[in-house]
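Trainee: Handing over query30.txt, compact mmCIF, C-alpha atoms and all ligand atoms.
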```txt
# COMPACT_ATOMS: atom_id res chain seq x y z
CA MET A 1 85.36 86.33 85.22
CA ASP A 2 87.32 85.28 88.27
CA GLU A 3 90.54 87.26 88.55
CA LYS A 4 92.19 84.16 90.00
CA ILE A 5 92.31 82.57 86.57
CA TRP A 6 94.23 85.61 85.26
CA ASP A 7 96.85 85.00 87.95
CA ASN A 8 96.96 81.25 87.31
CA VAL A 9 97.49 81.75 83.59
CA ASP A 10 100.01 84.56 84.14
CA ASN A 11 101.99 82.35 86.52
CA TYR A 12 101.82 79.41 84.10
CA LEU A 13 102.98 81.53 81.15
CA ALA A 14 105.72 83.18 83.18
CA ALA A 15 106.96 79.78 84.40
CA SER A 16 106.89 78.46 80.83
CA LEU A 17 108.44 81.42 79.05
CA VAL A 18 110.32 83.70 81.39
CA GLY A 19 112.13 81.87 84.16
CA GLU A 20 112.86 84.97 86.21
CA ASP A 21 116.43 84.79 87.54
CA ASP A 22 117.96 85.62 90.93
CA VAL A 23 118.84 89.17 89.93
CA LEU A 24 115.27 90.04 88.96
CA ARG A 25 113.80 88.24 91.96
CA GLY A 26 116.38 89.97 94.16
CA ALA A 27 115.44 93.37 92.73
CA LEU A 28 111.81 92.83 93.73
CA GLN A 29 112.82 91.55 97.16
CA ALA A 30 115.08 94.56 97.78
CA SER A 31 112.28 96.88 96.62
CA GLU A 32 109.80 95.25 98.97
CA ALA A 33 112.27 95.27 101.87
CA ALA A 34 112.74 99.01 101.32
CA GLY A 35 108.98 99.53 101.46
CA LEU A 36 108.49 100.44 97.79
CA PRO A 37 105.00 99.75 96.41
CA SER A 38 104.51 96.50 94.42
CA ILE A 39 103.71 98.22 91.15
CA ALA A 40 106.58 97.12 88.91
CA VAL A 41 105.64 95.46 85.64
CA SER A 42 105.08 91.70 85.81
CA PRO A 43 107.74 89.23 84.64
CA LEU A 44 105.91 88.65 81.35
CA GLN A 45 105.54 92.41 80.84
CA GLY A 46 109.22 92.87 81.61
CA ARG A 47 110.03 90.30 78.95
CA PHE A 48 107.65 92.16 76.62
CA LEU A 49 109.60 95.42 77.13
CA HIS A 50 112.84 93.51 76.59
CA LEU A 51 111.49 92.08 73.34
CA LEU A 52 110.38 95.50 72.14
CA ALA A 53 113.85 96.89 72.82
CA ARG A 54 115.41 94.01 70.88
CA LEU A 55 112.92 94.34 68.01
CA ALA A 56 113.66 98.06 67.83
CA GLY A 57 117.40 97.38 67.90
CA ALA A 58 117.48 99.87 70.75
CA ARG A 59 120.82 101.38 71.73
CA HIS A 60 119.37 104.25 73.74
CA ILE A 61 116.40 103.82 76.05
CA LEU A 62 114.50 106.41 78.09
CA GLU A 63 112.36 105.40 81.06
CA ILE A 64 110.11 107.76 82.98
CA GLY A 65 109.32 106.23 86.40
CA THR A 66 112.09 103.93 87.72
CA LEU A 67 110.70 102.66 91.06
CA GLY A 68 113.16 99.90 92.11
CA GLY A 69 114.60 99.42 88.63
CA TYR A 70 112.79 96.19 87.77
CA SER A 71 111.63 97.27 84.30
CA ALA A 72 114.97 99.07 83.82
CA ILE A 73 116.81 95.76 84.33
CA TRP A 74 114.62 94.05 81.74
CA MET A 75 115.20 96.80 79.19
CA GLY A 76 118.85 97.38 80.11
CA ARG A 77 119.57 93.73 79.37
CA ALA A 78 118.49 94.32 75.78
CA LEU A 79 121.19 96.95 75.23
CA PRO A 80 124.57 96.44 73.62
CA SER A 81 127.54 97.04 75.94
CA ASP A 82 127.94 100.59 74.63
CA GLY A 83 124.20 101.28 74.93
CA ARG A 84 122.56 103.64 77.36
CA LEU A 85 119.46 103.69 79.52
CA VAL A 86 118.39 106.85 81.32
CA SER A 87 115.61 106.45 83.87
CA LEU A 88 113.90 109.35 85.61
CA GLU A 89 112.60 109.00 89.17
CA LEU A 90 111.03 111.53 91.53
CA GLU A 91 111.77 109.78 94.83
CA PRO A 92 115.39 109.68 96.03
CA ARG A 93 114.64 106.52 98.03
CA HIS A 94 113.33 104.70 94.95
CA ALA A 95 116.34 105.84 92.94
CA GLU A 96 118.72 104.57 95.60
CA VAL A 97 117.10 101.12 95.60
CA ALA A 98 117.08 101.10 91.79
CA ARG A 99 120.77 101.99 91.53
CA ALA A 100 121.70 99.15 93.87
CA ASN A 101 119.51 96.75 91.87
CA LEU A 102 120.98 97.89 88.55
CA ASP A 103 124.45 97.51 90.01
CA ARG A 104 123.73 93.93 91.10
CA ALA A 105 122.39 93.30 87.59
CA GLY A 106 125.74 94.39 86.17
CA LEU A 107 124.10 97.32 84.42
CA SER A 108 125.63 100.33 86.18
CA GLY A 109 127.83 100.90 83.12
CA VAL A 110 124.85 101.41 80.81
CA ALA A 111 122.00 102.49 83.09
CA GLU A 112 121.67 105.67 85.13
CA VAL A 113 118.87 106.98 87.33
CA ARG A 114 118.25 110.73 87.51
CA VAL A 115 116.38 111.99 90.55
CA GLY A 116 113.73 114.69 90.45
CA PRO A 117 110.43 115.48 88.76
CA ALA A 118 110.66 114.06 85.23
CA LEU A 119 109.26 117.24 83.72
CA GLN A 120 112.27 119.11 85.08
CA ALA A 121 114.76 116.52 83.81
CA LEU A 122 113.42 116.13 80.27
CA PRO A 123 114.61 119.48 78.87
CA GLY A 124 118.09 118.62 80.12
CA LEU A 125 118.01 115.34 78.20
CA ALA A 126 117.16 117.19 75.00
CA ALA A 127 120.02 119.62 75.68
CA GLN A 128 122.51 116.88 76.53
CA PHE A 129 121.70 114.26 73.90
CA GLY A 130 119.78 116.26 71.29
CA GLU A 131 116.33 115.40 70.01
CA ARG A 132 115.71 111.98 68.42
CA PHE A 133 118.42 110.37 70.54
CA PHE A 134 116.37 107.53 71.99
CA ASP A 135 115.14 104.41 70.20
CA LEU A 136 112.64 103.40 72.87
CA ALA A 137 110.82 105.33 75.57
CA PHE A 138 108.82 103.71 78.38
CA ILE A 139 106.44 106.05 80.19
CA ASP A 140 105.46 104.69 83.62
CA ALA A 141 105.40 107.54 86.17
CA ASP A 142 102.54 109.74 87.43
CA LYS A 143 99.60 109.31 85.09
CA ALA A 144 98.29 112.88 85.12
CA ASN A 145 101.46 113.99 83.32
CA ILE A 146 101.29 111.29 80.63
CA PRO A 147 100.38 113.77 77.86
CA ALA A 148 103.40 115.94 78.67
CA TYR A 149 105.69 112.90 78.93
CA PHE A 150 104.40 111.60 75.62
CA SER A 151 105.04 114.91 73.92
CA TRP A 152 108.62 114.90 75.27
CA ALA A 153 109.05 111.27 74.24
CA LEU A 154 108.08 112.16 70.68
CA ARG A 155 110.76 114.86 70.63
CA LEU A 156 113.42 112.67 72.17
CA THR A 157 112.74 109.53 70.13
CA ARG A 158 114.01 109.00 66.59
CA PRO A 159 111.64 108.38 63.69
CA GLY A 160 111.07 104.64 63.66
CA GLY A 161 111.52 104.53 67.43
CA VAL A 162 108.88 103.26 69.83
CA VAL A 163 107.06 104.86 72.74
CA VAL A 164 105.32 102.56 75.24
CA VAL A 165 102.94 103.87 77.89
CA ASP A 166 101.93 101.72 80.87
CA ASN A 167 98.62 101.72 82.73
CA VAL A 168 96.35 103.09 80.03
CA VAL A 169 93.28 101.01 80.93
CA ARG A 170 93.06 101.34 84.72
CA ASP A 171 90.48 98.60 85.40
CA GLY A 172 88.50 99.92 82.45
CA ARG A 173 88.12 103.42 83.86
CA VAL A 174 89.75 104.85 80.72
CA ALA A 175 86.44 104.45 78.86
CA ASP A 176 84.64 106.78 81.28
CA GLU A 177 84.57 110.08 79.46
CA ALA A 178 83.07 111.81 82.53
CA SER A 179 85.82 110.62 84.89
CA SER A 180 87.35 113.27 87.12
CA ASP A 181 90.25 110.96 88.09
CA PRO A 182 93.41 112.85 87.05
CA SER A 183 95.06 109.57 85.98
CA VAL A 184 92.16 108.66 83.71
CA ARG A 185 92.05 112.19 82.33
CA GLY A 186 95.78 112.03 81.67
CA VAL A 187 95.42 108.80 79.72
CA ARG A 188 92.42 110.09 77.77
CA ARG A 189 94.36 113.20 76.79
CA LEU A 190 97.14 110.91 75.58
CA PHE A 191 94.74 109.20 73.18
CA GLU A 192 93.41 112.56 72.02
CA ALA A 193 96.95 113.69 71.27
CA ILE A 194 97.71 110.47 69.40
CA SER A 195 94.53 110.65 67.36
CA GLY A 196 95.37 114.23 66.38
CA ASP A 197 98.93 113.40 65.31
CA PRO A 198 99.15 111.81 61.85
CA SER A 199 102.88 111.15 62.30
CA VAL A 200 102.25 108.62 65.05
CA LEU A 201 101.01 105.10 64.41
CA ALA A 202 99.63 103.69 67.62
CA THR A 203 97.62 100.97 69.24
CA ALA A 204 96.63 99.96 72.75
CA LEU A 205 96.44 96.48 74.22
CA GLN A 206 94.37 95.53 77.25
CA THR A 207 96.15 93.22 79.65
CA VAL A 208 95.09 90.97 82.55
CA GLY A 209 97.24 88.98 84.93
CA VAL A 210 99.06 89.31 88.22
CA LYS A 211 98.91 93.11 87.90
CA GLY A 212 95.13 93.08 87.48
CA TYR A 213 93.33 94.63 84.51
CA ASP A 214 95.27 97.33 82.69
CA GLY A 215 96.99 97.93 79.36
CA PHE A 216 99.79 99.36 77.28
CA ALA A 217 99.77 101.94 74.51
CA LEU A 218 102.38 101.45 71.80
CA ALA A 219 103.35 104.16 69.36
CA LEU A 220 105.68 104.09 66.37
CA VAL A 221 107.23 107.55 66.03
CA GLY A 222 107.31 109.34 62.68
CA ALA A 223 105.51 106.48 60.99
CA GLY A 224 103.16 108.54 58.84
CA PRO A 225 99.42 108.05 58.78
CA ALA A 226 97.97 104.63 59.46
CA LEU A 227 97.24 102.65 56.29
CA ALA A 228 94.38 100.77 57.83
N1 LIG B 301 108.77 101.30 85.75
C1 LIG B 301 108.76 100.70 87.09
C2 LIG B 301 107.53 101.12 87.87
C3 LIG B 301 107.36 102.60 88.03
S1 LIG B 301 106.16 102.99 89.28
C4 LIG B 301 108.79 99.19 86.94
O1 LIG B 301 107.96 98.66 86.18
O2 LIG B 301 109.64 98.54 87.56
C5 LIG B 301 106.06 104.72 89.07
C6 LIG B 301 107.27 105.49 89.54
O3 LIG B 301 107.15 106.83 89.06
C7 LIG B 301 107.38 105.61 91.07
O4 LIG B 301 108.65 105.19 91.51
C8 LIG B 301 107.18 107.09 91.35
O5 LIG B 301 107.94 107.59 92.43
C9 LIG B 301 107.65 107.71 90.03
N2 LIG B 301 107.15 109.07 89.79
C10 LIG B 301 105.96 109.61 90.20
N3 LIG B 301 105.87 110.88 89.82
C11 LIG B 301 107.02 111.17 89.16
C12 LIG B 301 107.54 112.35 88.54
N4 LIG B 301 106.84 113.49 88.53
N5 LIG B 301 108.76 112.29 87.98
C13 LIG B 301 109.47 111.12 87.98
N6 LIG B 301 109.03 109.99 88.55
C14 LIG B 301 107.83 110.01 89.13
C1 LIG B 302 100.37 102.39 89.85
C2 LIG B 302 101.37 102.85 89.00
C3 LIG B 302 101.88 102.03 88.02
O1 LIG B 302 102.83 102.44 87.16
C4 LIG B 302 101.40 100.74 87.87
O2 LIG B 302 101.91 99.97 86.87
C5 LIG B 302 100.39 100.27 88.69
C6 LIG B 302 99.88 101.09 89.70
C7 LIG B 302 99.83 103.26 90.90
O3 LIG B 302 100.31 104.39 91.04
O4 LIG B 302 98.93 102.81 91.60
MG MG B 303 103.09 101.10 85.55
```
Give the structure from the file, written as structure tokens.
Mentor:
Amino acid sequence: MDEKIWDNVDNYLAASLVGEDDVLRGALQASEAAGLPSIAVSPLQGRFLHLLARLAGARHILEIGTLGGYSAIWMGRALPSDGRLVSLELEPRHAEVARANLDRAGLSGVAEVRVGPALQALPGLAAQFGERFFDLAFIDADKANIPAYFSWALRLTRPGGVVVVDNVVRDGRVADEASSDPSVRGVRRLFEAISGDPSVLATALQTVGVKGYDGFALALVGAGPALA
């Protein structure tokens, strides 16, 4: 199928349902102007993350992989005024752009960006907030470390909380069991970990649209074994 139709439908749905505002558009423009890669979630996916946060009644959100703060703005807008979003970002330049974008979104009171390798920051979050602090975790950084991020997310998220992982389909490469691509291997190890953990109830959804062909994994933490 022609990928153009994915874009057309994505743009139609986004125009019908989302109506991206100046702050979100401005965040993408500032990211582009600063030379950040165009790999933020799409407007419809941003709304999806926002909806998940609202459905989960999230007060505390963890993000791994901030980039310019586009997804952080979507999720941060779902928080109550005393809520908290902590986003982890390796690149100081990305974090700087994200902080400015979050500030313009009026979210600097609830959202913070911590700079450095996420694997170094995560133990500090457990020490500072305790385990089970977060209601929602969004994993969207380097894909080779997804299994480690997921394991941390399970520790840091309360039972009944939700963990979302971006980019789990990778143009379909996830189904290649012989792949030597570290990103694909990272995602495949995620699904192995999930399938070996009866306390996690999970699914994965393939997506197409302006971001190409990819997908999300969604996991309910501490849900007990799947009934079906
Ligand atoms: N969630 C963002 C997109 C994130 S892109 C959005 O949808 O708007 C992935 C980000 O992860 C990049 O900014 C990259 O610098 C960051 N990243 C890569 N490796 C990382 C690591 N080890 N620790 C923290 N962040 C990392
Ligand atoms: C890449 C990373 C992402 O998080 C994404 O959504 C798309 C692409 C990348 O590193 O290429
Ligand atoms: Mg992503």
Trainee: Write out as an MDAnalysis selection string each polymer residue (protein, DNA or RNA) that has an atom no more than 6 Å from ligand MG 303 (chain B), with all atoms listed in the file counted.
Mentor: chainID A and resid 140 166:167
Trainee: Around all of ligand LIG 302 (chain B)'s listed atoms, make the axis-aligned box with 3 Å on each side and tell me centre and edge lengths in Å to one decimal, as lines of an AutoDock Vina configuration file.
Mentor:
```
center_x = 100.9
center_y = 102.2
center_z = 89.2
size_x = 9.9
size_y = 10.4
size_z = 10.7
```
Trainee: Could you tell me how far atom CA of Tyr12 of chain A lies from atom O4 of ligand LIG 301 (chain B), in Å and to one decimal?
Mentor: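 Rounded to one decimal, the two atoms are 27.7 Å apart.
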Trainee: Set the cut-off to 7 Å, count only C-alpha atoms and all ligand atoms, and list whatever residues fall near ligand LIG 301 (chain B) as a list in words.
Mentor: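 Using only C-alpha atoms and all ligand atoms, everything at most 7 Å from ligand LIG 301 (chain B) comes to Ile39, Ala40, Val41, Ile64, Gly65, Thr66, Leu67, Gly68, Gly69, Tyr70, Ser71, Ala72, Leu88, Glu89, Leu90, Glu91, His94, Gly116, Pro117, Ala118, Leu119, Asp140, Ala141 and Asp142 of chain A.
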Trainee: For each of A:Gly106, A:Gly186, A:Pro159, A:Gly57, take the minimum atom-to-atom distance to Leu201 of chain A, counting only C-alpha atoms, then give the residue where this is smallest.
Mentor: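 Among A:Gly106, A:Gly186, A:Pro159, A:Gly57, it is A:Pro159 that comes nearest to Leu201 of chain A.
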Trainee: May I have the residues at most 10 Å from (114.9, 92.3, 90.7) in the file's coordinates, counting only C-alpha atoms, as a PDB file with C-alpha atoms, in the frame of the given file?
Mentor:
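What landed in selection_5.pdb:
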```pdb
ATOM      1  CA  GLU A  20     112.860  84.970  86.210  1.00  0.00           C
ATOM      2  CA  ASP A  21     116.430  84.790  87.540  1.00  0.00           C
ATOM      3  CA  ASP A  22     117.960  85.620  90.930  1.00  0.00           C
ATOM      4  CA  VAL A  23     118.840  89.170  89.930  1.00  0.00           C
ATOM      5  CA  LEU A  24     115.270  90.040  88.960  1.00  0.00           C
ATOM      6  CA  ARG A  25     113.800  88.240  91.960  1.00  0.00           C
ATOM      7  CA  GLY A  26     116.380  89.970  94.160  1.00  0.00           C
ATOM      8  CA  ALA A  27     115.440  93.370  92.730  1.00  0.00           C
ATOM      9  CA  LEU A  28     111.810  92.830  93.730  1.00  0.00           C
ATOM     10  CA  GLN A  29     112.820  91.550  97.160  1.00  0.00           C
ATOM     11  CA  ALA A  30     115.080  94.560  97.780  1.00  0.00           C
ATOM     12  CA  SER A  31     112.280  96.880  96.620  1.00  0.00           C
ATOM     13  CA  ALA A  40     106.580  97.120  88.910  1.00  0.00           C
ATOM     14  CA  PRO A  43     107.740  89.230  84.640  1.00  0.00           C
ATOM     15  CA  GLY A  68     113.160  99.900  92.110  1.00  0.00           C
ATOM     16  CA  GLY A  69     114.600  99.420  88.630  1.00  0.00           C
ATOM     17  CA  TYR A  70     112.790  96.190  87.770  1.00  0.00           C
ATOM     18  CA  SER A  71     111.630  97.270  84.300  1.00  0.00           C
ATOM     19  CA  ALA A  72     114.970  99.070  83.820  1.00  0.00           C
ATOM     20  CA  ILE A  73     116.810  95.760  84.330  1.00  0.00           C
ATOM     21  CA  TRP A  74     114.620  94.050  81.740  1.00  0.00           C
ATOM     22  CA  ALA A  98     117.080 101.100  91.790  1.00  0.00           C
ATOM     23  CA  ASN A 101     119.510  96.750  91.870  1.00  0.00           C
ATOM     24  CA  LEU A 102     120.980  97.890  88.550  1.00  0.00           C
ATOM     25  CA  ARG A 104     123.730  93.930  91.100  1.00  0.00           C
ATOM     26  CA  ALA A 105     122.390  93.300  87.590  1.00  0.00           C
TER      27      ALA A 105
END
```
Trainee: Applying 10 Å and only C-alpha atoms, which residues near Leu52 of chain A remain after dropping the ones on its own chain fewer than 2 positions away? List them as a ChimeraX atom specification.
Mentor: /A:46-50,54-58,75,78,136,162-164,218
